[in-house]
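As stored in coords.pdb (PDB, C-alpha atoms and all ligand atoms):
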ATOM      1  CA  MET C   1      43.320  42.938 -32.466  1.00  0.00           C
ATOM      2  CA  LYS C   2      39.529  43.037 -32.317  1.00  0.00           C
ATOM      3  CA  LYS C   3      38.258  43.386 -28.773  1.00  0.00           C
ATOM      4  CA  CYS C   4      35.936  40.598 -27.770  1.00  0.00           C
ATOM      5  CA  THR C   5      33.059  41.617 -25.498  1.00  0.00           C
ATOM      6  CA  LEU C   6      30.615  39.217 -23.949  1.00  0.00           C
ATOM      7  CA  PRO C   7      26.891  39.897 -23.779  1.00  0.00           C
ATOM      8  CA  THR C   8      25.850  41.300 -20.394  1.00  0.00           C
ATOM      9  CA  VAL C   9      24.019  38.167 -19.350  1.00  0.00           C
ATOM     10  CA  VAL C  10      27.221  36.103 -19.804  1.00  0.00           C
ATOM     11  CA  LYS C  11      29.459  38.682 -18.092  1.00  0.00           C
ATOM     12  CA  ASN C  12      27.407  38.496 -14.909  1.00  0.00           C
ATOM     13  CA  VAL C  13      27.414  34.723 -14.701  1.00  0.00           C
ATOM     14  CA  PHE C  14      30.639  33.407 -13.237  1.00  0.00           C
ATOM     15  CA  TYR C  15      30.923  29.663 -12.816  1.00  0.00           C
ATOM     16  CA  GLY C  16      27.157  29.466 -12.805  1.00  0.00           C
ATOM     17  CA  ILE C  17      26.690  32.071 -10.062  1.00  0.00           C
ATOM     18  CA  MET C  18      24.808  35.294 -10.814  1.00  0.00           C
ATOM     19  CA  LEU C  19      26.970  38.140  -9.568  1.00  0.00           C
ATOM     20  CA  PRO C  20      24.967  40.912  -7.843  1.00  0.00           C
ATOM     21  CA  MET C  21      24.867  44.408  -9.290  1.00  0.00           C
ATOM     22  CA  LYS C  22      27.687  46.506  -7.832  1.00  0.00           C
ATOM     23  CA  TYR C  23      25.493  49.381  -6.659  1.00  0.00           C
ATOM     24  CA  LYS C  24      23.186  49.112  -3.653  1.00  0.00           C
ATOM     25  CA  HIS C  25      22.411  52.828  -3.226  1.00  0.00           C
ATOM     26  CA  LEU C  26      21.215  54.933  -6.143  1.00  0.00           C
ATOM     27  CA  PHE C  27      21.427  58.734  -5.869  1.00  0.00           C
ATOM     28  CA  PHE C  28      19.604  60.997  -8.322  1.00  0.00           C
ATOM     29  CA  ASP C  29      19.266  64.639  -9.171  1.00  0.00           C
ATOM     30  CA  MET C  30      15.594  65.626  -9.688  1.00  0.00           C
ATOM     31  CA  ASP C  31      15.042  68.160 -12.513  1.00  0.00           C
ATOM     32  CA  LYS C  32      15.907  66.699 -15.914  1.00  0.00           C
ATOM     33  CA  THR C  33      17.088  63.483 -14.284  1.00  0.00           C
ATOM     34  CA  VAL C  34      14.280  61.753 -12.370  1.00  0.00           C
ATOM     35  CA  ALA C  35      11.586  64.036 -13.785  1.00  0.00           C
ATOM     36  CA  PRO C  36      11.155  66.708 -16.439  1.00  0.00           C
ATOM     37  CA  SER C  37      12.103  70.127 -15.114  1.00  0.00           C
ATOM     38  CA  ARG C  38       9.624  71.220 -12.429  1.00  0.00           C
ATOM     39  CA  GLN C  39       7.100  68.648 -13.599  1.00  0.00           C
ATOM     40  CA  PRO C  40       5.935  65.433 -11.933  1.00  0.00           C
ATOM     41  CA  ILE C  41       7.779  62.169 -12.451  1.00  0.00           C
ATOM     42  CA  LEU C  42       6.493  59.973 -15.291  1.00  0.00           C
ATOM     43  CA  PRO C  43       4.670  56.779 -14.205  1.00  0.00           C
ATOM     44  CA  GLU C  44       7.298  54.583 -15.907  1.00  0.00           C
ATOM     45  CA  MET C  45      10.138  56.148 -13.934  1.00  0.00           C
ATOM     46  CA  PHE C  46       8.112  55.969 -10.713  1.00  0.00           C
ATOM     47  CA  SER C  47       7.556  52.226 -11.237  1.00  0.00           C
ATOM     48  CA  LEU C  48      11.202  51.559 -12.075  1.00  0.00           C
ATOM     49  CA  LEU C  49      12.461  53.387  -8.980  1.00  0.00           C
ATOM     50  CA  SER C  50       9.822  52.192  -6.526  1.00  0.00           C
ATOM     51  CA  GLU C  51      10.336  48.568  -7.592  1.00  0.00           C
ATOM     52  CA  ALA C  52      14.148  48.705  -7.486  1.00  0.00           C
ATOM     53  CA  ALA C  53      15.771  46.641  -4.738  1.00  0.00           C
ATOM     54  CA  GLN C  54      18.341  49.411  -4.124  1.00  0.00           C
ATOM     55  CA  ASP C  55      18.023  52.431  -1.820  1.00  0.00           C
ATOM     56  CA  ILE C  56      16.875  55.546  -3.676  1.00  0.00           C
ATOM     57  CA  ILE C  57      18.094  59.005  -2.672  1.00  0.00           C
ATOM     58  CA  ILE C  58      16.994  62.211  -4.431  1.00  0.00           C
ATOM     59  CA  VAL C  59      19.390  65.170  -4.160  1.00  0.00           C
ATOM     60  CA  SER C  60      17.906  68.400  -5.465  1.00  0.00           C
ATOM     61  CA  GLY C  61      18.165  72.164  -5.136  1.00  0.00           C
ATOM     62  CA  GLN C  62      14.447  72.097  -4.378  1.00  0.00           C
ATOM     63  CA  LEU C  63      12.679  72.081  -1.026  1.00  0.00           C
ATOM     64  CA  CYS C  64      12.012  68.585   0.342  1.00  0.00           C
ATOM     65  CA  GLU C  65       8.264  69.237   0.056  1.00  0.00           C
ATOM     66  CA  LYS C  66       8.712  69.947  -3.650  1.00  0.00           C
ATOM     67  CA  ILE C  67      10.742  66.742  -4.068  1.00  0.00           C
ATOM     68  CA  ALA C  68       7.854  64.829  -2.488  1.00  0.00           C
ATOM     69  CA  TRP C  69       5.360  66.485  -4.833  1.00  0.00           C
ATOM     70  CA  GLN C  70       7.488  66.118  -7.960  1.00  0.00           C
ATOM     71  CA  SER C  71       8.374  62.470  -7.251  1.00  0.00           C
ATOM     72  CA  ASN C  72       4.764  61.591  -6.376  1.00  0.00           C
ATOM     73  CA  ASN C  73       5.899  60.680  -2.836  1.00  0.00           C
ATOM     74  CA  LEU C  74       8.405  58.160  -4.109  1.00  0.00           C
ATOM     75  CA  PRO C  75       9.681  56.011  -1.233  1.00  0.00           C
ATOM     76  CA  ALA C  76      13.168  57.506  -0.983  1.00  0.00           C
ATOM     77  CA  ALA C  77      15.425  59.736   1.068  1.00  0.00           C
ATOM     78  CA  TYR C  78      15.031  63.397   0.141  1.00  0.00           C
ATOM     79  CA  LEU C  79      18.090  65.655   0.238  1.00  0.00           C
ATOM     80  CA  GLY C  80      16.637  69.086  -0.526  1.00  0.00           C
ATOM     81  CA  GLN C  81      18.457  72.405  -1.001  1.00  0.00           C
ATOM     82  CA  ASN C  82      21.469  70.600  -2.485  1.00  0.00           C
ATOM     83  CA  GLY C  83      21.445  68.314   0.534  1.00  0.00           C
ATOM     84  CA  ASN C  84      21.320  71.023   3.198  1.00  0.00           C
ATOM     85  CA  HIS C  85      17.979  69.615   4.346  1.00  0.00           C
ATOM     86  CA  ALA C  86      17.824  65.838   4.670  1.00  0.00           C
ATOM     87  CA  ILE C  87      14.758  63.685   5.342  1.00  0.00           C
ATOM     88  CA  GLY C  88      15.171  59.912   5.579  1.00  0.00           C
ATOM     89  CA  PRO C  89      12.911  57.428   3.752  1.00  0.00           C
ATOM     90  CA  ASP C  90      10.928  57.047   6.997  1.00  0.00           C
ATOM     91  CA  GLY C  91      10.060  60.770   6.875  1.00  0.00           C
ATOM     92  CA  ILE C  92      12.335  61.686   9.810  1.00  0.00           C
ATOM     93  CA  GLU C  93      14.401  64.865   9.435  1.00  0.00           C
ATOM     94  CA  LEU C  94      18.135  64.139   9.683  1.00  0.00           C
ATOM     95  CA  TRP C  95      19.522  67.664   9.410  1.00  0.00           C
ATOM     96  CA  HIS C  96      18.685  71.166   8.228  1.00  0.00           C
ATOM     97  CA  THR C  97      21.490  73.716   8.010  1.00  0.00           C
ATOM     98  CA  PRO C  98      20.251  77.268   7.321  1.00  0.00           C
ATOM     99  CA  LEU C  99      22.303  80.192   5.952  1.00  0.00           C
ATOM    100  CA  THR C 100      23.565  82.937   8.263  1.00  0.00           C
ATOM    101  CA  ASP C 101      22.352  86.551   7.895  1.00  0.00           C
ATOM    102  CA  ALA C 102      25.764  87.545   6.480  1.00  0.00           C
ATOM    103  CA  GLU C 103      25.548  84.782   3.850  1.00  0.00           C
ATOM    104  CA  VAL C 104      22.061  85.898   2.849  1.00  0.00           C
ATOM    105  CA  ALA C 105      23.328  89.505   2.520  1.00  0.00           C
ATOM    106  CA  ASP C 106      26.235  88.406   0.254  1.00  0.00           C
ATOM    107  CA  VAL C 107      23.850  86.543  -2.018  1.00  0.00           C
ATOM    108  CA  MET C 108      21.228  89.274  -2.226  1.00  0.00           C
ATOM    109  CA  ALA C 109      23.903  91.803  -3.205  1.00  0.00           C
ATOM    110  CA  HIS C 110      25.021  89.597  -6.103  1.00  0.00           C
ATOM    111  CA  ILE C 111      21.459  88.911  -7.240  1.00  0.00           C
ATOM    112  CA  ALA C 112      20.895  92.676  -7.359  1.00  0.00           C
ATOM    113  CA  ILE C 113      23.913  93.025  -9.700  1.00  0.00           C
ATOM    114  CA  LEU C 114      22.671  90.233 -11.999  1.00  0.00           C
ATOM    115  CA  ALA C 115      19.108  91.566 -11.978  1.00  0.00           C
ATOM    116  CA  ALA C 116      20.276  95.087 -12.892  1.00  0.00           C
ATOM    117  CA  ASP C 117      21.924  93.712 -16.036  1.00  0.00           C
ATOM    118  CA  LEU C 118      18.886  91.768 -17.310  1.00  0.00           C
ATOM    119  CA  PRO C 119      17.056  92.899 -20.454  1.00  0.00           C
ATOM    120  CA  GLU C 120      13.785  92.791 -18.513  1.00  0.00           C
ATOM    121  CA  VAL C 121      12.926  93.230 -14.855  1.00  0.00           C
ATOM    122  CA  PRO C 122      12.105  89.786 -13.380  1.00  0.00           C
ATOM    123  CA  ASN C 123       8.372  89.269 -13.032  1.00  0.00           C
ATOM    124  CA  PRO C 124       7.669  89.215  -9.274  1.00  0.00           C
ATOM    125  CA  GLU C 125       4.642  86.980  -9.879  1.00  0.00           C
ATOM    126  CA  TYR C 126       6.983  84.192 -10.968  1.00  0.00           C
ATOM    127  CA  SER C 127       8.970  84.192  -7.724  1.00  0.00           C
ATOM    128  CA  PRO C 128      12.440  85.079  -9.090  1.00  0.00           C
ATOM    129  CA  ILE C 129      14.152  84.890  -5.678  1.00  0.00           C
ATOM    130  CA  GLU C 130      13.469  82.009  -3.299  1.00  0.00           C
ATOM    131  CA  ASN C 131      15.226  81.814   0.059  1.00  0.00           C
ATOM    132  CA  ARG C 132      14.826  78.128   0.850  1.00  0.00           C
ATOM    133  CA  GLY C 133      16.688  78.227   4.158  1.00  0.00           C
ATOM    134  CA  GLY C 134      19.912  76.393   3.354  1.00  0.00           C
ATOM    135  CA  GLN C 135      20.077  77.839  -0.160  1.00  0.00           C
ATOM    136  CA  ILE C 136      18.882  80.842  -2.147  1.00  0.00           C
ATOM    137  CA  THR C 137      17.734  80.370  -5.730  1.00  0.00           C
ATOM    138  CA  PHE C 138      17.493  83.139  -8.300  1.00  0.00           C
ATOM    139  CA  SER C 139      15.787  82.595 -11.641  1.00  0.00           C
ATOM    140  CA  PRO C 140      15.899  85.594 -14.005  1.00  0.00           C
ATOM    141  CA  ILE C 141      12.598  84.557 -15.579  1.00  0.00           C
ATOM    142  CA  GLY C 142      11.142  83.337 -12.321  1.00  0.00           C
ATOM    143  CA  ASN C 143      11.222  80.020 -10.473  1.00  0.00           C
ATOM    144  CA  THR C 144       7.515  79.520 -11.083  1.00  0.00           C
ATOM    145  CA  ALA C 145       7.380  80.818 -14.675  1.00  0.00           C
ATOM    146  CA  PRO C 146       5.372  78.638 -17.095  1.00  0.00           C
ATOM    147  CA  VAL C 147       7.215  75.459 -18.072  1.00  0.00           C
ATOM    148  CA  GLU C 148       7.123  76.396 -21.803  1.00  0.00           C
ATOM    149  CA  LEU C 149       8.969  79.641 -21.053  1.00  0.00           C
ATOM    150  CA  LYS C 150      11.490  77.894 -18.853  1.00  0.00           C
ATOM    151  CA  ALA C 151      12.201  75.211 -21.430  1.00  0.00           C
ATOM    152  CA  VAL C 152      13.454  77.708 -24.004  1.00  0.00           C
ATOM    153  CA  TYR C 153      15.134  80.192 -21.663  1.00  0.00           C
ATOM    154  CA  ASP C 154      18.609  78.680 -21.351  1.00  0.00           C
ATOM    155  CA  PRO C 155      18.554  74.980 -22.272  1.00  0.00           C
ATOM    156  CA  ASP C 156      22.353  74.638 -22.495  1.00  0.00           C
ATOM    157  CA  ALA C 157      23.063  76.924 -19.487  1.00  0.00           C
ATOM    158  CA  SER C 158      25.237  79.168 -21.705  1.00  0.00           C
ATOM    159  CA  LYS C 159      23.232  82.304 -20.880  1.00  0.00           C
ATOM    160  CA  ARG C 160      23.688  81.829 -17.148  1.00  0.00           C
ATOM    161  CA  LEU C 161      27.355  80.862 -17.432  1.00  0.00           C
ATOM    162  CA  ALA C 162      27.986  84.054 -19.451  1.00  0.00           C
ATOM    163  CA  MET C 163      26.228  86.126 -16.778  1.00  0.00           C
ATOM    164  CA  LEU C 164      28.492  84.675 -14.114  1.00  0.00           C
ATOM    165  CA  GLN C 165      31.560  85.259 -16.219  1.00  0.00           C
ATOM    166  CA  LYS C 166      30.586  88.912 -16.552  1.00  0.00           C
ATOM    167  CA  HIS C 167      29.636  89.268 -12.883  1.00  0.00           C
ATOM    168  CA  PRO C 168      31.616  86.774 -10.803  1.00  0.00           C
ATOM    169  CA  PHE C 169      30.280  86.119  -7.328  1.00  0.00           C
ATOM    170  CA  GLU C 170      32.771  86.767  -4.561  1.00  0.00           C
ATOM    171  CA  SER C 171      31.974  85.638  -1.052  1.00  0.00           C
ATOM    172  CA  GLU C 172      34.049  84.114   1.706  1.00  0.00           C
ATOM    173  CA  THR C 173      31.634  81.321   2.472  1.00  0.00           C
ATOM    174  CA  MET C 174      29.079  81.187  -0.357  1.00  0.00           C
ATOM    175  CA  MET C 175      29.241  80.197  -4.017  1.00  0.00           C
ATOM    176  CA  VAL C 176      26.870  80.067  -6.965  1.00  0.00           C
ATOM    177  CA  VAL C 177      26.165  77.119  -9.273  1.00  0.00           C
ATOM    178  CA  ILE C 178      23.884  76.584 -12.243  1.00  0.00           C
ATOM    179  CA  GLY C 179      20.755  74.878 -10.935  1.00  0.00           C
ATOM    180  CA  GLY C 180      17.548  73.507 -12.423  1.00  0.00           C
ATOM    181  CA  SER C 181      16.662  74.748 -15.899  1.00  0.00           C
ATOM    182  CA  THR C 182      16.688  78.531 -15.396  1.00  0.00           C
ATOM    183  CA  SER C 183      18.215  79.265 -12.018  1.00  0.00           C
ATOM    184  CA  PHE C 184      21.299  80.117 -10.039  1.00  0.00           C
ATOM    185  CA  ASP C 185      21.666  78.195  -6.798  1.00  0.00           C
ATOM    186  CA  TYR C 186      23.576  79.994  -4.057  1.00  0.00           C
ATOM    187  CA  ILE C 187      24.933  77.490  -1.577  1.00  0.00           C
ATOM    188  CA  PRO C 188      27.707  77.372   1.033  1.00  0.00           C
ATOM    189  CA  LYS C 189      31.145  76.517  -0.357  1.00  0.00           C
ATOM    190  CA  THR C 190      31.461  73.656   2.093  1.00  0.00           C
ATOM    191  CA  ARG C 191      27.881  72.354   1.907  1.00  0.00           C
ATOM    192  CA  HIS C 192      27.009  71.308  -1.632  1.00  0.00           C
ATOM    193  CA  LYS C 193      25.790  68.099  -3.300  1.00  0.00           C
ATOM    194  CA  GLY C 194      29.250  66.525  -2.993  1.00  0.00           C
ATOM    195  CA  THR C 195      29.759  67.072   0.736  1.00  0.00           C
ATOM    196  CA  ASN C 196      26.103  66.376   1.496  1.00  0.00           C
ATOM    197  CA  VAL C 197      26.085  63.088  -0.442  1.00  0.00           C
ATOM    198  CA  GLN C 198      29.202  62.137   1.552  1.00  0.00           C
ATOM    199  CA  LYS C 199      27.453  63.206   4.774  1.00  0.00           C
ATOM    200  CA  TYR C 200      24.456  60.983   4.014  1.00  0.00           C
ATOM    201  CA  ILE C 201      26.696  58.016   3.151  1.00  0.00           C
ATOM    202  CA  ASP C 202      28.574  58.495   6.451  1.00  0.00           C
ATOM    203  CA  HIS C 203      25.270  58.843   8.321  1.00  0.00           C
ATOM    204  CA  MET C 204      24.037  55.559   6.835  1.00  0.00           C
ATOM    205  CA  GLY C 205      27.388  53.807   7.256  1.00  0.00           C
ATOM    206  CA  TRP C 206      27.411  52.797   3.583  1.00  0.00           C
ATOM    207  CA  ASN C 207      30.312  51.800   1.363  1.00  0.00           C
ATOM    208  CA  LYS C 208      31.018  54.506  -1.217  1.00  0.00           C
ATOM    209  CA  GLU C 209      31.928  51.860  -3.807  1.00  0.00           C
ATOM    210  CA  GLU C 210      28.313  50.708  -3.713  1.00  0.00           C
ATOM    211  CA  CYS C 211      26.872  54.155  -4.473  1.00  0.00           C
ATOM    212  CA  VAL C 212      26.219  55.828  -7.822  1.00  0.00           C
ATOM    213  CA  TYR C 213      24.809  59.236  -8.754  1.00  0.00           C
ATOM    214  CA  PHE C 214      22.772  60.152 -11.857  1.00  0.00           C
ATOM    215  CA  GLY C 215      22.574  63.816 -12.875  1.00  0.00           C
ATOM    216  CA  ASP C 216      22.186  66.168 -15.823  1.00  0.00           C
ATOM    217  CA  GLY C 217      24.347  68.890 -14.220  1.00  0.00           C
ATOM    218  CA  LEU C 218      27.706  67.122 -14.034  1.00  0.00           C
ATOM    219  CA  TYR C 219      29.310  69.632 -16.432  1.00  0.00           C
ATOM    220  CA  PRO C 220      31.699  72.327 -15.110  1.00  0.00           C
ATOM    221  CA  GLY C 221      29.604  74.851 -13.159  1.00  0.00           C
ATOM    222  CA  GLY C 222      26.616  72.498 -12.850  1.00  0.00           C
ATOM    223  CA  ASN C 223      25.180  71.723  -9.430  1.00  0.00           C
ATOM    224  CA  ASP C 224      25.860  67.991  -9.794  1.00  0.00           C
ATOM    225  CA  GLU C 225      29.562  68.525 -10.546  1.00  0.00           C
ATOM    226  CA  PHE C 226      30.545  68.348  -6.867  1.00  0.00           C
ATOM    227  CA  VAL C 227      29.530  64.691  -6.692  1.00  0.00           C
ATOM    228  CA  ILE C 228      32.312  63.791  -9.142  1.00  0.00           C
ATOM    229  CA  GLY C 229      35.077  62.117  -7.175  1.00  0.00           C
ATOM    230  CA  VAL C 230      32.821  61.446  -4.181  1.00  0.00           C
ATOM    231  CA  ILE C 231      31.024  58.461  -5.726  1.00  0.00           C
ATOM    232  CA  ASP C 232      30.615  57.066  -9.244  1.00  0.00           C
ATOM    233  CA  THR C 233      28.532  59.305 -11.503  1.00  0.00           C
ATOM    234  CA  VAL C 234      26.398  58.783 -14.601  1.00  0.00           C
ATOM    235  CA  ALA C 235      25.798  61.851 -16.784  1.00  0.00           C
ATOM    236  CA  VAL C 236      22.332  62.042 -18.346  1.00  0.00           C
ATOM    237  CA  THR C 237      20.828  64.551 -20.758  1.00  0.00           C
ATOM    238  CA  ASP C 238      17.268  64.384 -19.405  1.00  0.00           C
ATOM    239  CA  HIS C 239      14.768  62.119 -17.626  1.00  0.00           C
ATOM    240  CA  LEU C 240      14.315  59.898 -20.714  1.00  0.00           C
ATOM    241  CA  ASP C 241      18.065  59.330 -21.023  1.00  0.00           C
ATOM    242  CA  CYS C 242      18.194  58.657 -17.279  1.00  0.00           C
ATOM    243  CA  TYR C 243      15.404  56.078 -17.565  1.00  0.00           C
ATOM    244  CA  GLN C 244      17.265  54.257 -20.310  1.00  0.00           C
ATOM    245  CA  LYS C 245      20.623  54.284 -18.489  1.00  0.00           C
ATOM    246  CA  LEU C 246      19.007  53.192 -15.231  1.00  0.00           C
ATOM    247  CA  GLN C 247      17.233  50.334 -16.975  1.00  0.00           C
ATOM    248  CA  GLU C 248      20.553  49.188 -18.456  1.00  0.00           C
ATOM    249  CA  LEU C 249      22.242  49.378 -15.076  1.00  0.00           C
ATOM    250  CA  LEU C 250      19.483  47.472 -13.291  1.00  0.00           C
ATOM    251  CA  ARG C 251      19.540  44.821 -15.996  1.00  0.00           C
ATOM    252  CA  ASP C 252      23.314  44.252 -15.626  1.00  0.00           C
TER     253      ASP C 252
HETATM  254 MG    MG J 301      19.080  68.757 -12.904  1.00  0.00          MG
END

Would it be possible to restate this file's structure as structure tokens?
Ligand SMILES: [Mg+2]
Amino acid sequence: MKKCTLPTVVKNVFYGIMLPMKYKHLFFDMDKTVAPSRQPILPEMFSLLSEAAQDIIIVSGQLCEKIAWQSNNLPAAYLGQNGNHAIGPDGIELWHTPLTDAEVADVMAHIAILAADLPEVPNPEYSPIENRGGQITFSPIGNTAPVELKAVYDPDASKRLAMLQKHPFESETMMVVIGGSTSFDYIPKTRHKGTNVQKYIDHMGWNKEECVYFGDGLYPGGNDEFVIGVIDTVAVTDHLDCYQKLQELLRD
């Protein structure tokens, strides 16, 4: 039998009452979700997010200061370093959980193994290793390499996934995930985007059913994957796809 679907506008009107959108709190990854990788948010996305009635929360592997820069100081909560540094929408720091010396040592040893197997020595001018406090990020071509270089380095993450398959990272407390467009994010096994999104929801006293997360890294091994099962998720391919899906959701 042919399935009958009603247009959205009819679905949301029940006995003449407009039903409110299910989600009150919108969580987003930054690179390739809210904004192009390492580039500022587009004005259209800024308008859509800043005019939304819902709470906006950005969860990124980046430093909170970088989130502020990249989002053009979007009024939102910033969960930097995969949520290991949280700043509320009022600018007040909620928590910051740094790595221990032993965790840093584990990570640096693995980065040395990966770096030794690269076709070229990472260019130190492009900041290949960044210790951000609650997370260490390693980009074989450099975290601050030109955007054109970064765009073509490993667009489908296959290069980085192969590197990890060849050189698995073993640590009692730390793990590595594919982050951003060219990097490996080393984060604690118990403090990733999933647990930190949950921590923020608990801190705010919100209902998980009213939260949704948009991200381009929801695939296995991606840094958004941990949010799956914590709250609803929407997979996007890039910031343009995210804009379109967000518009649809806000229109519903
Ligand atoms: Mg991303």

Go through chain C residue by residue and, counting all atoms listed in the file, keep those with an atom at most 8 Å from ligand MG 301 (chain J); for each kept residue give the shortest atom pair and its distance in Å to one decimal, ordered by chain and increasing number, as a tab-separated table.
residue	atom	partner	partner_atom	distance
C:Asp29	CA	J:MG301	MG	5.6
C:Met30	CA	J:MG301	MG	5.7
C:Asp31	CA	J:MG301	MG	4.1
C:Lys32	CA	J:MG301	MG	4.8
C:Thr33	CA	J:MG301	MG	5.8
C:Ser37	CA	J:MG301	MG	7.4
C:Ser60	CA	J:MG301	MG	7.5
C:Gly179	CA	J:MG301	MG	6.6
C:Gly180	CA	J:MG301	MG	5.0
C:Ser181	CA	J:MG301	MG	7.1
C:Gly215	CA	J:MG301	MG	6.1
C:Asp216	CA	J:MG301	MG	5.0
C:Gly217	CA	J:MG301	MG	5.4
C:Asn223	CA	J:MG301	MG	7.6
C:Asp224	CA	J:MG301	MG	7.5

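Near C:Phe184, within 10 Å and counting all atoms listed in the file, sit Gly61, Ile111, Ile129, Ile136, Thr137, Phe138, Ser139, Pro140, Arg160, Leu161, Leu164, Met175, Val176, Val177, Ile178, Gly179, Gly180, Ser181, Thr182, Tyr186, Ile187, Gly222 and Asn223 of chain C, not including residues fewer than 2 positions from it in the same chain.
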
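Distance-wise, atom CA of C:Pro155 and atom CA of C:Thr237 end up 10.8 Å apart.
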
Can you check which parts of stretch 111-174 of chain C lie within 8 Å of stretch 79-92 of chain C? Per residue, the shortest pair of atoms and distance in Å to one decimal, counting only C-alpha atoms, sorted by chain and number, as CSV.
residue,atom,partner,partner_atom,distance
C:Arg132,CA,C:Gln81,CA,7.0
C:Gly133,CA,C:Gln81,CA,8.0
C:Gly134,CA,C:Asn84,CA,5.6
C:Gln135,CA,C:Gln81,CA,5.7

* Asked: Closest to C:Met174 among C:Val104, C:Ile201, C:Asp154, C:Asn196, using all atoms listed in the file?
  -> C:Val104

Put a box with edges along x, y and z around all the listed atoms of stretch 99-104 of chain C, pad it by 5 Å on each side, then give me its centre and sizes in Å, one decimal, as AutoDock Vina command-line options.
--center_x 23.9 --center_y 83.9 --center_z 5.6 --size_x 13.7 --size_y 17.4 --size_z 15.4

* **Selection under test: the PyMOL selection byres (((chain C and resi 50) around 12) and not hetatm); residues as a PyMOL selection string** => chain C and resi 26+41+43-49+51-57+71-76+89

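Evaluating the PyMOL selection byres (((chain C and resi 123) around 9) and not hetatm) against the shown model yields Glu120, Val121, Pro122, Pro124, Glu125, Tyr126, Ser127, Pro128, Pro140, Ile141, Gly142 and Ala145 of chain C.
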
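With all atoms listed in the file as the atoms that count, the residue of C:Pro220, C:Pro168, C:Pro119, C:Pro146 with the shortest distance to C:Val107 is C:Pro168.
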
* Asked: Could you state the separation of atom CA of C:Asp241 and atom CA of C:Val152 in Å, given to one decimal place?
  -> 19.2 Å

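One distance worth recording is that between atom CA of C:Val197 and atom CA of C:Thr97, which is 14.3 Å.
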
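Using all atoms listed in the file, the nearest neighbour of C:Asp101 within the list C:Thr173, C:Val234, C:His167, C:Asp117 is C:Thr173.
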
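The smallest atom-to-atom distance between C:Glu210 and any of C:Pro188, C:Ala162, C:Gln247, C:Thr233, using all atoms listed in the file, is found for C:Thr233.
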
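Of the residues listed (C:Lys24, C:Arg38, C:Lys66, C:Arg191), C:Arg191 shows the shortest atom-to-atom separation from C:Leu99; distances use all atoms listed in the file.
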